[in-house]
file data-v1.cif (mmCIF, C-alpha atoms)
data_data
loop_
_atom_site.label_atom_id
_atom_site.label_comp_id
_atom_site.auth_asym_id
_atom_site.auth_seq_id
_atom_site.Cartn_x
_atom_site.Cartn_y
_atom_site.Cartn_z
CA MET A 1 -52.14 -26.00 -11.55
CA ALA A 2 -48.44 -25.07 -11.35
CA PRO A 3 -47.20 -23.62 -8.07
CA MET A 4 -46.52 -19.89 -7.94
CA THR A 5 -43.02 -18.82 -8.93
CA CYS A 6 -40.88 -16.29 -7.05
CA LYS A 7 -41.26 -13.89 -9.97
CA ASN A 8 -45.06 -14.03 -9.80
CA PHE A 9 -44.97 -13.75 -6.03
CA LEU A 10 -42.80 -10.62 -6.13
CA ASN A 11 -44.90 -9.05 -8.88
CA GLY A 12 -47.94 -9.31 -6.64
CA LEU A 13 -46.13 -8.21 -3.49
CA PRO A 14 -47.32 -4.54 -3.51
CA LEU A 15 -50.92 -5.77 -3.20
CA ARG A 16 -50.08 -8.39 -0.58
CA THR A 17 -48.33 -5.89 1.68
CA GLU A 18 -51.64 -3.99 1.67
CA GLY A 19 -53.31 -7.00 3.23
CA THR A 20 -54.58 -8.79 0.12
CA SER A 21 -53.18 -12.29 -0.18
CA SER A 22 -54.09 -15.37 -2.19
CA ARG A 23 -53.97 -19.05 -1.27
CA ASP A 24 -51.22 -19.60 -3.86
CA ALA A 25 -49.12 -16.82 -2.36
CA GLU A 26 -49.54 -18.25 1.14
CA ALA A 27 -48.45 -21.66 -0.13
CA HIS A 28 -45.44 -20.10 -1.87
CA ILE A 29 -44.30 -18.32 1.27
CA ARG A 30 -44.47 -21.56 3.27
CA ASN A 31 -42.16 -23.29 0.79
CA CYS A 32 -39.81 -20.41 -0.19
CA PRO A 33 -37.51 -19.08 2.57
CA SER A 34 -36.28 -16.19 0.39
CA CYS A 35 -39.77 -14.80 -0.34
CA ARG A 36 -40.78 -15.46 3.26
CA ASN A 37 -37.82 -13.36 4.44
CA ILE A 38 -38.77 -10.52 2.13
CA THR A 39 -42.37 -10.53 3.35
CA GLU A 40 -41.34 -10.64 6.99
CA ASP A 41 -38.81 -7.85 6.47
CA LEU A 42 -41.40 -5.62 4.84
CA ASN A 43 -43.83 -6.29 7.66
CA ALA A 44 -41.11 -5.48 10.20
CA ILE A 45 -40.32 -2.20 8.45
CA HIS A 46 -44.03 -1.30 8.40
CA SER A 47 -44.39 -2.12 12.12
CA ALA A 48 -41.28 -0.12 13.09
CA ALA A 49 -42.53 2.86 11.09
CA ARG A 50 -45.99 2.72 12.65
CA SER A 51 -44.55 2.71 16.18
CA TRP A 52 -42.36 5.68 15.22
CA GLY A 53 -45.37 7.54 13.81
CA GLY A 54 -47.32 7.17 17.05
CA GLU A 55 -45.43 10.15 18.45
CA GLU A 56 -46.52 13.58 17.30
CA LEU A 57 -43.92 16.18 18.06
CA GLU A 58 -44.58 19.67 19.38
CA PRO A 59 -42.85 22.45 17.45
CA PRO A 60 -41.00 25.05 19.56
CA ALA A 61 -43.13 27.86 20.99
CA HIS A 62 -41.24 30.61 19.19
CA LEU A 63 -42.47 29.30 15.85
CA TRP A 64 -45.92 30.83 16.31
CA THR A 65 -44.44 34.17 17.45
CA SER A 66 -42.29 34.26 14.37
CA LEU A 67 -45.15 33.18 12.09
CA ARG A 68 -47.52 35.76 13.57
CA SER A 69 -44.95 38.54 13.10
CA GLN A 70 -44.58 37.54 9.47
CA LEU A 71 -48.38 37.48 9.00
CA GLU A 72 -48.60 40.97 10.49
CA ARG A 73 -45.78 42.26 8.29
CA GLU A 74 -47.57 40.90 5.22
CA GLY A 75 -50.85 42.44 6.33
CA LEU A 76 -52.62 39.07 6.43
CA ILE A 77 -53.84 39.70 9.97
CA ARG A 78 -56.35 42.50 9.79
CA ASP A 79 -57.80 44.04 12.92
CA GLU A 80 -61.15 44.95 11.37
CA ARG A 81 -63.97 46.16 13.55
CA ASP A 82 -66.57 43.88 12.01
CA PRO A 83 -69.37 43.55 14.59
CA GLN A 84 -69.88 39.90 13.57
CA LEU A 85 -66.27 39.15 14.44
CA GLU A 86 -66.18 41.22 17.57
CA PRO A 87 -66.34 38.42 20.17
CA SER A 88 -63.18 36.76 18.86
CA ASN A 89 -61.62 39.59 16.87
CA SER A 90 -60.37 41.46 19.90
CA GLY A 91 -57.45 39.00 20.19
CA TRP A 92 -56.18 37.17 23.20
CA PHE A 93 -54.86 40.28 24.90
CA GLY A 94 -58.03 42.21 24.23
CA ARG A 95 -60.13 39.45 25.78
CA TRP A 96 -58.01 39.64 28.93
CA PHE A 97 -58.91 43.29 29.24
CA ALA A 98 -62.54 42.85 28.22
CA GLY A 99 -63.74 43.22 31.78
CA LEU A 100 -61.82 46.36 32.66
CA PRO A 101 -60.89 47.55 35.21
CA ARG A 102 -58.62 44.55 35.90
CA PRO A 103 -55.23 46.11 36.63
CA ALA A 104 -54.02 43.23 38.80
CA LEU A 105 -54.61 40.72 36.03
CA ALA A 106 -52.92 42.89 33.45
CA GLY A 107 -50.00 43.65 35.74
CA GLY A 108 -49.40 39.97 36.50
CA TYR A 109 -49.47 39.08 32.86
CA LEU A 110 -47.06 41.83 31.93
CA VAL A 111 -44.64 40.80 34.65
CA LEU A 112 -44.65 37.30 33.15
CA LEU A 113 -44.01 38.65 29.66
CA ILE A 114 -41.20 40.89 30.88
CA ALA A 115 -39.54 37.93 32.62
CA VAL A 116 -39.74 35.90 29.40
CA ALA A 117 -38.38 38.82 27.38
CA PHE A 118 -35.40 39.17 29.69
CA GLY A 119 -34.85 35.43 29.55
CA PHE A 120 -34.49 35.65 25.78
CA SER A 121 -32.25 38.71 25.78
CA ARG A 122 -29.05 36.90 26.78
CA PRO A 123 -25.87 38.06 25.04
CA VAL A 124 -25.23 36.39 21.69
CA ASN A 125 -22.56 36.81 19.03
CA ARG A 126 -22.42 40.33 17.66
CA GLN A 127 -21.71 39.54 14.04
CA VAL A 128 -24.10 41.97 12.40
CA ASN A 129 -23.86 45.67 11.83
CA GLU A 130 -25.87 46.69 14.88
CA ALA A 131 -26.25 50.36 14.01
CA ARG A 132 -27.66 49.51 10.59
CA TRP A 133 -29.94 46.83 12.01
CA LEU A 134 -31.21 49.14 14.72
CA GLU A 135 -31.85 51.83 12.16
CA GLY A 136 -33.98 49.33 10.25
CA THR A 137 -35.88 48.38 13.36
CA GLN A 138 -36.58 51.98 14.25
CA VAL A 139 -37.76 52.73 10.73
CA SER A 140 -40.14 49.77 10.80
CA THR A 141 -41.57 50.45 14.27
CA SER A 142 -41.61 54.23 14.43
CA PRO A 143 -44.73 54.70 12.23
CA LEU A 144 -46.58 52.24 14.46
CA SER A 145 -45.36 54.06 17.58
CA ALA A 146 -46.44 57.45 16.16
CA GLN A 147 -49.87 56.06 15.26
CA LEU A 148 -50.34 54.69 18.76
CA THR A 149 -49.33 58.05 20.29
CA ALA A 150 -51.91 59.80 18.09
CA GLU A 151 -54.57 57.33 19.17
CA GLN A 152 -53.61 57.88 22.79
CA ASP A 153 -53.95 61.66 22.34
CA SER A 154 -57.39 61.28 20.81
CA PHE A 155 -58.47 59.13 23.75
CA ALA A 156 -57.49 61.92 26.13
CA SER A 157 -60.12 64.11 24.48
CA PHE A 158 -63.01 61.86 25.59
CA ASN A 159 -65.16 62.90 28.52
CA ASN A 160 -64.08 61.44 31.80
CA SER A 161 -67.55 60.30 32.78
CA ASN A 162 -66.26 57.71 35.23
CA PRO A 163 -63.08 58.82 37.02
CA VAL A 164 -62.51 55.39 38.59
CA VAL A 165 -62.58 53.59 35.23
CA THR A 166 -60.46 56.28 33.61
CA ALA A 167 -57.85 56.03 36.35
CA SER A 168 -57.73 52.27 35.96
CA LEU A 169 -57.37 52.49 32.18
CA ASN A 170 -54.58 55.02 32.53
CA LYS A 171 -52.83 52.76 34.99
CA ASN A 172 -53.00 49.86 32.53
CA LEU A 173 -51.72 52.14 29.80
CA ALA A 174 -48.79 53.13 31.98
CA ILE A 175 -47.96 49.45 32.55
CA VAL A 176 -48.03 48.75 28.81
CA ASP A 177 -45.90 51.84 28.13
CA ASN A 178 -43.35 50.60 30.66
CA TYR A 179 -43.33 47.23 28.96
CA ILE A 180 -42.78 48.88 25.58
CA ALA A 181 -39.90 50.89 27.04
CA LEU A 182 -38.31 47.68 28.36
CA CYS A 183 -38.74 45.94 25.02
CA GLU A 184 -37.24 48.91 23.18
CA LYS A 185 -34.30 48.82 25.58
CA SER A 186 -33.84 45.09 24.91
CA VAL A 187 -33.86 45.69 21.16
CA GLN A 188 -31.34 48.52 21.50
CA GLU A 189 -29.06 46.37 23.63
CA GLU A 190 -29.41 43.29 21.43
CA PRO A 191 -30.39 44.60 18.01
CA GLN A 192 -29.74 41.25 16.35
CA ASN A 193 -32.08 39.40 18.69
CA GLU A 194 -35.18 38.59 16.65
CA VAL A 195 -37.11 37.41 19.69
CA ALA A 196 -36.61 40.79 21.40
CA ARG A 197 -37.89 42.47 18.25
CA ASP A 198 -40.91 40.16 18.17
CA TYR A 199 -41.69 41.10 21.76
CA LEU A 200 -41.49 44.76 20.86
CA TYR A 201 -44.04 44.26 18.10
CA GLU A 202 -46.16 42.25 20.52
CA ALA A 203 -45.98 45.11 23.03
CA TYR A 204 -47.17 47.59 20.39
CA GLN A 205 -49.99 45.18 19.58
CA GLN A 206 -50.95 45.13 23.25
CA LYS A 207 -51.01 48.89 23.40
CA ALA A 208 -53.12 49.03 20.25
CA ASP A 209 -55.58 46.56 21.74
CA LEU A 210 -55.76 48.51 24.98
CA LEU A 211 -56.29 51.82 23.18
CA ALA A 212 -59.05 50.21 21.12
CA GLN A 213 -60.74 49.09 24.32
CA MET A 214 -60.36 52.55 25.82
CA THR A 215 -61.72 54.21 22.70
CA GLU A 216 -64.75 51.94 22.72
CA ARG A 217 -65.46 52.75 26.35
CA GLY A 218 -65.02 56.44 25.66
CA GLU A 219 -67.49 56.30 22.79
CA ASN A 220 -69.98 54.34 24.86
CA ASN A 221 -69.78 56.92 27.62
CA ARG A 222 -70.48 59.82 25.28
CA MET B 223 -63.69 27.67 18.18
CA PRO B 224 -64.59 24.87 15.71
CA GLU B 225 -62.32 24.44 12.70
CA ALA B 226 -64.94 25.55 10.16
CA GLU B 227 -65.55 28.77 12.10
CA ALA B 228 -61.79 29.34 12.44
CA ILE B 229 -61.39 28.94 8.66
CA ARG B 230 -64.19 31.44 8.00
CA LEU B 231 -62.72 33.99 10.40
CA ALA B 232 -59.16 33.45 9.17
CA GLN B 233 -60.38 34.20 5.65
CA GLN B 234 -61.30 37.63 7.04
CA GLY B 235 -57.89 38.15 8.63
CA ASN B 236 -58.78 37.26 12.20
CA ALA B 237 -55.66 36.73 14.30
CA ALA B 238 -57.25 34.39 16.85
CA ALA B 239 -58.56 32.20 14.02
CA PHE B 240 -55.09 31.96 12.47
CA GLU B 241 -53.70 30.89 15.82
CA ARG B 242 -56.50 28.36 16.33
CA LEU B 243 -55.78 26.73 12.96
CA TYR B 244 -52.07 26.72 13.72
CA ARG B 245 -52.62 25.06 17.11
CA LEU B 246 -54.95 22.45 15.57
CA HIS B 247 -52.46 21.30 12.93
CA ASN B 248 -48.95 22.36 13.95
CA ARG B 249 -47.93 19.03 15.51
CA ARG B 250 -48.85 16.97 12.51
CA VAL B 251 -47.22 19.34 10.02
CA TYR B 252 -44.07 19.70 12.13
CA SER B 253 -43.80 15.91 12.58
CA LEU B 254 -44.15 15.41 8.84
CA CYS B 255 -41.46 18.00 8.08
CA LEU B 256 -39.12 16.63 10.73
CA ARG B 257 -39.42 13.09 9.40
CA MET B 258 -38.86 14.28 5.86
CA VAL B 259 -35.78 16.44 6.47
CA GLY B 260 -34.35 14.76 9.59
CA ASN B 261 -33.34 17.91 11.49
CA THR B 262 -35.23 20.32 13.73
CA ALA B 263 -33.95 23.56 12.20
CA GLY B 264 -35.03 22.49 8.72
CA ALA B 265 -38.36 21.20 10.04
CA GLU B 266 -39.08 24.54 11.76
CA ASP B 267 -38.35 26.50 8.58
CA LEU B 268 -40.54 24.21 6.51
CA THR B 269 -43.39 24.25 9.05
CA GLN B 270 -43.36 28.03 9.07
CA GLU B 271 -43.26 28.14 5.28
CA ALA B 272 -46.14 25.66 5.00
CA PHE B 273 -48.36 27.68 7.37
CA LEU B 274 -47.39 30.94 5.67
CA GLN B 275 -48.46 29.54 2.32
CA LEU B 276 -51.64 28.23 3.92
CA PHE B 277 -52.56 31.61 5.40
CA ARG B 278 -51.65 33.45 2.20
CA LYS B 279 -54.00 31.20 0.25
CA ILE B 280 -56.70 30.64 2.84
CA ALA B 281 -59.06 33.12 1.19
CA THR B 282 -59.19 30.76 -1.81
CA PHE B 283 -60.14 27.70 0.26
CA ARG B 284 -63.64 26.65 -0.79
CA GLY B 285 -63.92 23.39 1.13
CA GLU B 286 -63.82 21.04 -1.88
CA SER B 287 -61.37 18.85 0.05
CA ALA B 288 -60.79 18.44 3.76
CA PHE B 289 -58.88 21.36 5.22
CA SER B 290 -56.25 19.02 6.72
CA THR B 291 -55.70 17.38 3.31
CA TRP B 292 -55.27 20.80 1.73
CA LEU B 293 -52.79 21.83 4.42
CA HIS B 294 -50.80 18.61 4.16
CA ARG B 295 -50.70 18.89 0.41
CA LEU B 296 -49.17 22.34 0.85
CA ALA B 297 -46.72 21.03 3.43
CA VAL B 298 -45.63 18.09 1.27
CA ASN B 299 -45.15 20.41 -1.71
CA VAL B 300 -43.08 22.79 0.42
CA VAL B 301 -40.90 19.91 1.59
CA LEU B 302 -40.50 18.38 -1.88
CA MET B 303 -39.64 21.79 -3.31
CA LYS B 304 -36.97 22.18 -0.65
CA LEU B 305 -35.55 18.73 -1.35
CA ARG B 306 -35.51 19.45 -5.08
CA LYS B 307 -33.62 22.68 -4.50
CA LYS B 308 -31.22 20.81 -2.26
CA SER B 309 -30.50 18.31 -5.00
CA GLY B 310 -29.98 21.26 -7.37
CA THR B 311 -32.48 20.20 -10.01
CA GLU B 312 -36.04 21.00 -10.94
CA THR B 313 -37.68 17.62 -11.34
CA SER B 314 -41.14 16.11 -11.46
CA LEU B 315 -42.46 13.91 -8.69
CA ASP B 316 -41.83 10.76 -10.74
CA GLU B 317 -38.22 11.77 -11.22
CA LEU B 318 -37.85 12.01 -7.48
CA THR B 319 -37.97 8.23 -7.37
CA GLU B 320 -35.23 6.01 -8.72
CA PRO B 321 -35.67 6.25 -12.51
CA ASP B 322 -34.33 2.80 -13.35
CA GLU B 323 -37.18 1.25 -11.40
CA GLU B 324 -39.98 3.25 -12.94
CA SER B 325 -40.48 1.08 -15.99
CA GLY B 326 -39.36 -2.25 -14.64
CA GLY B 327 -41.96 -2.90 -11.95
CA PRO B 328 -40.92 -4.08 -8.53
CA ARG B 329 -37.23 -4.64 -8.00
CA ARG B 330 -36.34 -8.31 -8.39
CA ASP B 331 -34.79 -9.67 -5.29
CA PHE B 332 -33.67 -13.11 -6.35
CA GLY B 333 -30.48 -14.08 -4.61
CA GLY B 334 -30.98 -11.19 -2.17
CA PRO B 335 -29.67 -11.26 1.34
CA ASP B 336 -30.94 -14.06 3.52
CA LEU B 337 -30.53 -12.02 6.68
CA ARG B 338 -33.80 -11.19 8.34
CA LEU B 339 -34.50 -7.75 9.70
CA SER B 340 -37.30 -8.74 12.06
CA GLY B 341 -36.49 -7.73 15.58
CA SER B 342 -33.43 -5.74 14.53
CA ILE B 343 -34.99 -2.49 13.25
CA ASP B 344 -34.46 0.24 15.75
CA ARG B 345 -35.58 3.84 15.38
CA VAL B 346 -32.13 5.23 14.61
CA HIS B 347 -31.40 2.73 11.83
CA LEU B 348 -34.81 3.25 10.29
CA GLN B 349 -34.44 7.03 10.45
CA ARG B 350 -31.03 6.90 8.75
CA ALA B 351 -32.39 4.64 6.04
CA VAL B 352 -35.44 6.89 5.46
CA GLU B 353 -33.11 9.89 5.07
CA GLN B 354 -31.39 8.08 2.19
CA LEU B 355 -34.61 7.45 0.25
CA PRO B 356 -35.30 9.48 -2.89
CA PRO B 357 -37.75 12.31 -2.03
CA GLY B 358 -40.75 10.78 -3.83
CA TYR B 359 -40.39 7.43 -2.05
CA LYS B 360 -39.72 9.20 1.21
CA ALA B 361 -42.88 11.31 1.01
CA VAL B 362 -45.15 8.32 0.39
CA PHE B 363 -43.44 6.20 3.04
CA VAL B 364 -43.59 8.96 5.67
CA LEU B 365 -47.22 9.75 4.88
CA HIS B 366 -48.44 6.14 4.81
CA ASP B 367 -46.29 4.06 7.13
CA ILE B 368 -45.26 6.75 9.64
CA GLN B 369 -48.08 9.32 9.61
CA GLY B 370 -50.81 6.74 8.94
CA TYR B 371 -52.49 8.23 5.84
CA GLU B 372 -54.50 5.99 3.51
CA HIS B 373 -53.57 5.68 -0.16
CA ASN B 374 -56.60 7.68 -1.32
CA GLU B 375 -55.52 10.57 0.93
CA ILE B 376 -51.92 10.33 -0.28
CA ALA B 377 -53.12 10.32 -3.88
CA GLU B 378 -54.96 13.57 -3.20
CA ILE B 379 -52.08 15.12 -1.27
CA MET B 380 -49.46 14.20 -3.84
CA ASP B 381 -51.67 14.59 -6.90
CA CYS B 382 -51.13 11.05 -8.14
CA SER B 383 -53.20 7.89 -8.60
CA ILE B 384 -53.91 5.44 -5.78
CA GLY B 385 -52.06 2.76 -7.75
CA ASN B 386 -49.05 5.05 -8.05
CA SER B 387 -49.10 5.64 -4.30
CA LYS B 388 -49.16 1.88 -3.62
CA SER B 389 -46.39 1.24 -6.10
CA GLN B 390 -44.18 4.01 -4.68
CA LEU B 391 -44.75 2.73 -1.16
CA HIS B 392 -43.73 -0.79 -2.09
CA LYS B 393 -40.58 0.45 -3.80
CA ALA B 394 -39.79 2.62 -0.79
CA ARG B 395 -40.09 -0.36 1.57
CA MET B 396 -37.95 -2.55 -0.72
CA ARG B 397 -35.29 0.17 -0.90
CA LEU B 398 -35.40 0.56 2.88
CA ARG B 399 -34.92 -3.18 3.24
CA GLU B 400 -31.78 -2.98 1.11
CA LEU B 401 -30.47 0.00 3.07
CA LEU B 402 -31.12 -1.69 6.40
CA HIS B 403 -29.38 -4.87 5.21
CA GLU B 404 -26.41 -2.80 4.04
CA ALA B 405 -26.26 -1.14 7.45
CA THR B 406 -26.42 -4.56 9.16
CA ARG B 407 -23.63 -5.93 6.95
CA ASP B 408 -21.47 -2.82 7.51
CA LYS B 409 -21.89 -3.16 11.25
CA ALA B 410 -21.04 -6.86 11.15
CA ARG B 411 -17.93 -6.07 9.10
CA GLU B 412 -16.83 -3.41 11.57
CA ASP B 413 -17.44 -5.76 14.48
CA ARG B 414 -15.29 -8.43 12.81
CA LYS B 415 -12.52 -5.90 12.17
CA ALA B 416 -12.63 -4.73 15.76
CA ALA B 417 -12.59 -8.32 17.00
CA SER B 418 -9.63 -9.24 14.82
CA ALA B 419 -7.77 -6.06 15.89
CA ASP B 420 -8.38 -7.01 19.49
CA SER B 421 -7.17 -10.57 19.00
CA GLY B 422 -4.13 -9.28 17.02
CA GLY B 423 -3.28 -6.91 19.82
CA GLU B 424 -3.37 -9.70 22.35
CA ASP B 425 -0.87 -11.88 20.38
#
call {"tool": "encode", "arguments": {"input": "data-v1.cif", "output": "structure tokens"}}
result
Amino acid sequence: MAPMTCKNFLNGLPLRTEGTSSRDAEAHIRNCPSCRNITEDLNAIHSAARSWGGEELEPPAHLWTSLRSQLEREGLIRDERDPQLEPSNSGWFGRWFAGLPRPALAGGYLVLLIAVAFGFSRPVNRQVNEARWLEGTQVSTSPLSAQLTAEQDSFASFNNSNPVVTASLNKNLAIVDNYIALCEKSVQEEPQNEVARDYLYEAYQQKADLLAQMTERGENNR
Amino acid sequence: MPEAEAIRLAQQGNAAAFERLYRLHNRRVYSLCLRMVGNTAGAEDLTQEAFLQLFRKIATFRGESAFSTWLHRLAVNVVLMKLRKKSGTETSLDELTEPDEESGGPRRDFGGPDLRLSGSIDRVHLQRAVEQLPPGYKAVFVLHDIQGYEHNEIAEIMDCSIGNSKSQLHKARMRLRELLHEATRDKAREDRKAASADSGGED
């Protein structure tokens, strides 16, 4: 039987690089420096790529914040009160407040968030029309703000069956309101800062979660 | 929260479930995007776009394929779409390879360079060479050799046959070999020039 030619060897190379090799091909490689070089090069490329692929890279933290804001804007995140979903549907902030009264925990967390918010609100280039941008921000957040105020007013109408719990809830609400005020200030100072805007939305979300918790407690106490 | 539960809850708009799915898969998707486009800003945009598309379509996920395969198929499509737009043409996947090689089988390498790459492939050179690959080759190479997918998974992700995946991978590796040899020759030429300039300066 005639020895394998370079042409035949190269035609079968895609299969051989996947680990399938014949005795003829092995014999050809031993006697043909050119085909041996090609095979070794391809193996070297494969090995270098595999060692590169061993590292999985972490995307920056702001990516989730930005993605979540977009999901909320598109209405893909729905805060339904489905009893089946209740254990996980209250969101991460809601779970923190699940065991109210926990003002110290809430306060500590808010201090951390405020520090992060200030960290992101460093001066950057003012190349956009700030007044127009701010107008847009106010238009997009004001309905949410008004809705939250209405919810807060309706909560005030519940019976204060437990003055201690009510005082604690009001204290938490005051902390969240302060945080919202700080975020609004950051957005006004740096209207082009998307991170500051994201934090403002996040703050409104926190207030909504807290009001939901308060409403639930109020209904349970009726 | 297990992935299946997170998928079910995300289909109902649950925020925590969306975040859980994001945290489970963000590294792999981001790594894929970064290796395909070669820069962090582009990779972030593409990762966000891939997850947005995922969450927009998650209500239609019926579990016929693995969730990760479905997600990576979306991510690869997002990346290929971006690369197509960048090249300014709307082309099919096959056209994203080098067309002259499509009908002719593996590139003949008779009389090719006798230099050997073994031991000389560093990360930077490989990355530069991968960036120069046509998008179709690049996708298969990144998925198989870098990300570690099998050909049957790549076939599903890229909507092609297993044989096509193997063939594209081989062509990608052969093209990379050429690019790496070119880079080696260019460097050797520059070194010679620098050496001769140095010796000329000393005379």
call {"tool": "residues_around", "arguments": {"input": "data-v1.cif", "residues": "Leu274 of chain B", "least_positions_apart": "6", "cutoff": "9 Å", "atoms": "all atoms listed in the file", "output": "NGL selection string"}}
result
:A and (67 or 70-71)
call {"tool": "resolve_selection", "arguments": {"input": "data-v1.cif", "expression": "the PyMOL selection byres ((chain B and resi 342-347) around 12)", "output": "JSON, numbers by chain"}}
result
{"A": [40, 41, 42, 43, 44, 45, 46, 47, 48, 49, 50, 51, 52, 53], "B": [257, 260, 337, 338, 339, 340, 341, 348, 349, 350, 351, 352, 353, 354, 368, 398, 399, 401, 402, 403, 404, 405, 406, 409]}
call {"tool": "closest_residue", "arguments": {"input": "data-v1.cif", "among": "A:Leu200, A:Ile38, A:Leu63, A:Met4", "to": "Ile180 of chain A", "atoms": "all atoms listed in the file"}}
result
A:Leu200
call {"tool": "atom_distance", "arguments": {"input": "data-v1.cif", "atom1": "atom CA of Ala263 of chain B", "atom2": "atom CA of Glu58 of chain A"}}
result
13.4 Å
call {"tool": "atom_distance", "arguments": {"input": "data-v1.cif", "atom1": "atom CA of Ala27 of chain A", "atom2": "atom CA of Phe363 of chain B"}}
result
28.5 Å
call {"tool": "residues_around", "arguments": {"input": "data-v1.cif", "residues": "Ser22 of chain A", "least_positions_apart": "4", "cutoff": "12 Å", "atoms": "only C-alpha atoms", "output": "list in words"}}
result
Met4, Asn8, Phe9, Gly12, Leu13, Leu15, Arg16, Thr17, Glu26, Ala27, His28 and Ile29 of chain A
call {"tool": "residues_around", "arguments": {"input": "data-v1.cif", "residues": "Met258 of chain B", "least_positions_apart": "2", "cutoff": "9 Å", "atoms": "all atoms listed in the file", "output": "list in words"}}
result
Ser253, Leu254, Cys255, Leu256, Gly260, Asn261, Ala265, Val301, Leu302, Val352, Glu353, Pro357, Lys360, Ala361 and Val364 of chain B
call {"tool": "residues_around", "arguments": {"input": "data-v1.cif", "residues": "segment 372-376 of chain B", "least_positions_apart": "5", "cutoff": "9 Å", "atoms": "all atoms listed in the file", "output": "list in words"}}
result
Thr291, Arg295, Val362, Leu365, His366, Asp381, Cys382, Ser383, Ile384, Gly385, Ser387 and Lys388 of chain B
call {"tool": "closest_residue", "arguments": {"input": "data-v1.cif", "among": "A:Gln188, A:Thr39, A:Asn193, A:Asn11", "to": "chain B", "atoms": "all atoms listed in the file"}}
result
A:Asn11
call {"tool": "resolve_selection", "arguments": {"input": "data-v1.cif", "expression": "the PyMOL selection byres ((chain B and resi 232-249) around 6)", "output": "count of residues only"}}
result
18
call {"tool": "closest_residue", "arguments": {"input": "data-v1.cif", "among": "A:Leu211, A:Leu10, A:Ala2, A:Cys35", "to": "Asn170 of chain A", "atoms": "all atoms listed in the file"}}
result
A:Leu211
call {"tool": "residues_around", "arguments": {"input": "data-v1.cif", "residues": "Ala181 of chain A", "least_positions_apart": "4", "cutoff": "12 Å", "atoms": "all atoms listed in the file", "output": "list in words"}}
result
Ile114, Ser145, Ala174, Ile175, Val176, Asp177, Lys185, Ser186, Val187, Gln188, Tyr199, Leu200, Tyr201, Ala203, Tyr204 and Lys207 of chain A
call {"tool": "write_last_selection", "arguments": {"input": "data-v1.cif", "atoms": "C-alpha atoms", "output": "compact mmCIF listing (two decimals), keeping the file's coordinate frame"}}
result
# COMPACT_ATOMS: atom_id res chain seq x y z
CA ILE A 114 -41.20 40.89 30.88
CA SER A 145 -45.36 54.06 17.58
CA ALA A 174 -48.79 53.13 31.98
CA ILE A 175 -47.96 49.45 32.55
CA VAL A 176 -48.03 48.75 28.81
CA ASP A 177 -45.90 51.84 28.13
CA LYS A 185 -34.30 48.82 25.58
CA SER A 186 -33.84 45.09 24.91
CA VAL A 187 -33.86 45.69 21.16
CA GLN A 188 -31.34 48.52 21.50
CA TYR A 199 -41.69 41.10 21.76
CA LEU A 200 -41.49 44.76 20.86
CA TYR A 201 -44.04 44.26 18.10
CA ALA A 203 -45.98 45.11 23.03
CA TYR A 204 -47.17 47.59 20.39
CA LYS A 207 -51.01 48.89 23.40
call {"tool": "closest_residue", "arguments": {"input": "data-v1.cif", "among": "A:Glu189, A:Pro14, A:Asp198, A:Leu173", "to": "chain B", "atoms": "all atoms listed in the file"}}
result
A:Pro14
call {"tool": "build_atoms", "arguments": {"input": "data-v1.cif", "residues": "segment 202-208 of chain A", "atoms": "N, CA, C and O atoms", "output": "compact mmCIF listing (two decimals), in the coordinates of the input"}}
result
# COMPACT_ATOMS: atom_id res chain seq x y z
N GLU A 202 -45.07 42.78 19.69
CA GLU A 202 -46.16 42.25 20.52
C GLU A 202 -46.63 43.34 21.51
O GLU A 202 -47.82 43.51 21.74
N ALA A 203 -45.65 44.06 22.07
CA ALA A 203 -45.98 45.11 23.03
C ALA A 203 -46.80 46.21 22.36
O ALA A 203 -47.78 46.72 22.92
N TYR A 204 -46.39 46.58 21.13
CA TYR A 204 -47.17 47.59 20.39
C TYR A 204 -48.58 47.08 20.14
O TYR A 204 -49.55 47.82 20.22
N GLN A 205 -48.67 45.78 19.82
CA GLN A 205 -49.99 45.18 19.58
C GLN A 205 -50.86 45.29 20.83
O GLN A 205 -52.04 45.62 20.77
N GLN A 206 -50.22 45.05 21.99
CA GLN A 206 -50.95 45.13 23.25
C GLN A 206 -51.47 46.54 23.49
O GLN A 206 -52.60 46.75 23.92
N LYS A 207 -50.59 47.50 23.19
CA LYS A 207 -51.01 48.89 23.40
C LYS A 207 -52.16 49.25 22.46
O LYS A 207 -53.13 49.92 22.85
N ALA A 208 -52.05 48.76 21.22
CA ALA A 208 -53.12 49.03 20.25
C ALA A 208 -54.44 48.43 20.73
O ALA A 208 -55.49 49.08 20.65
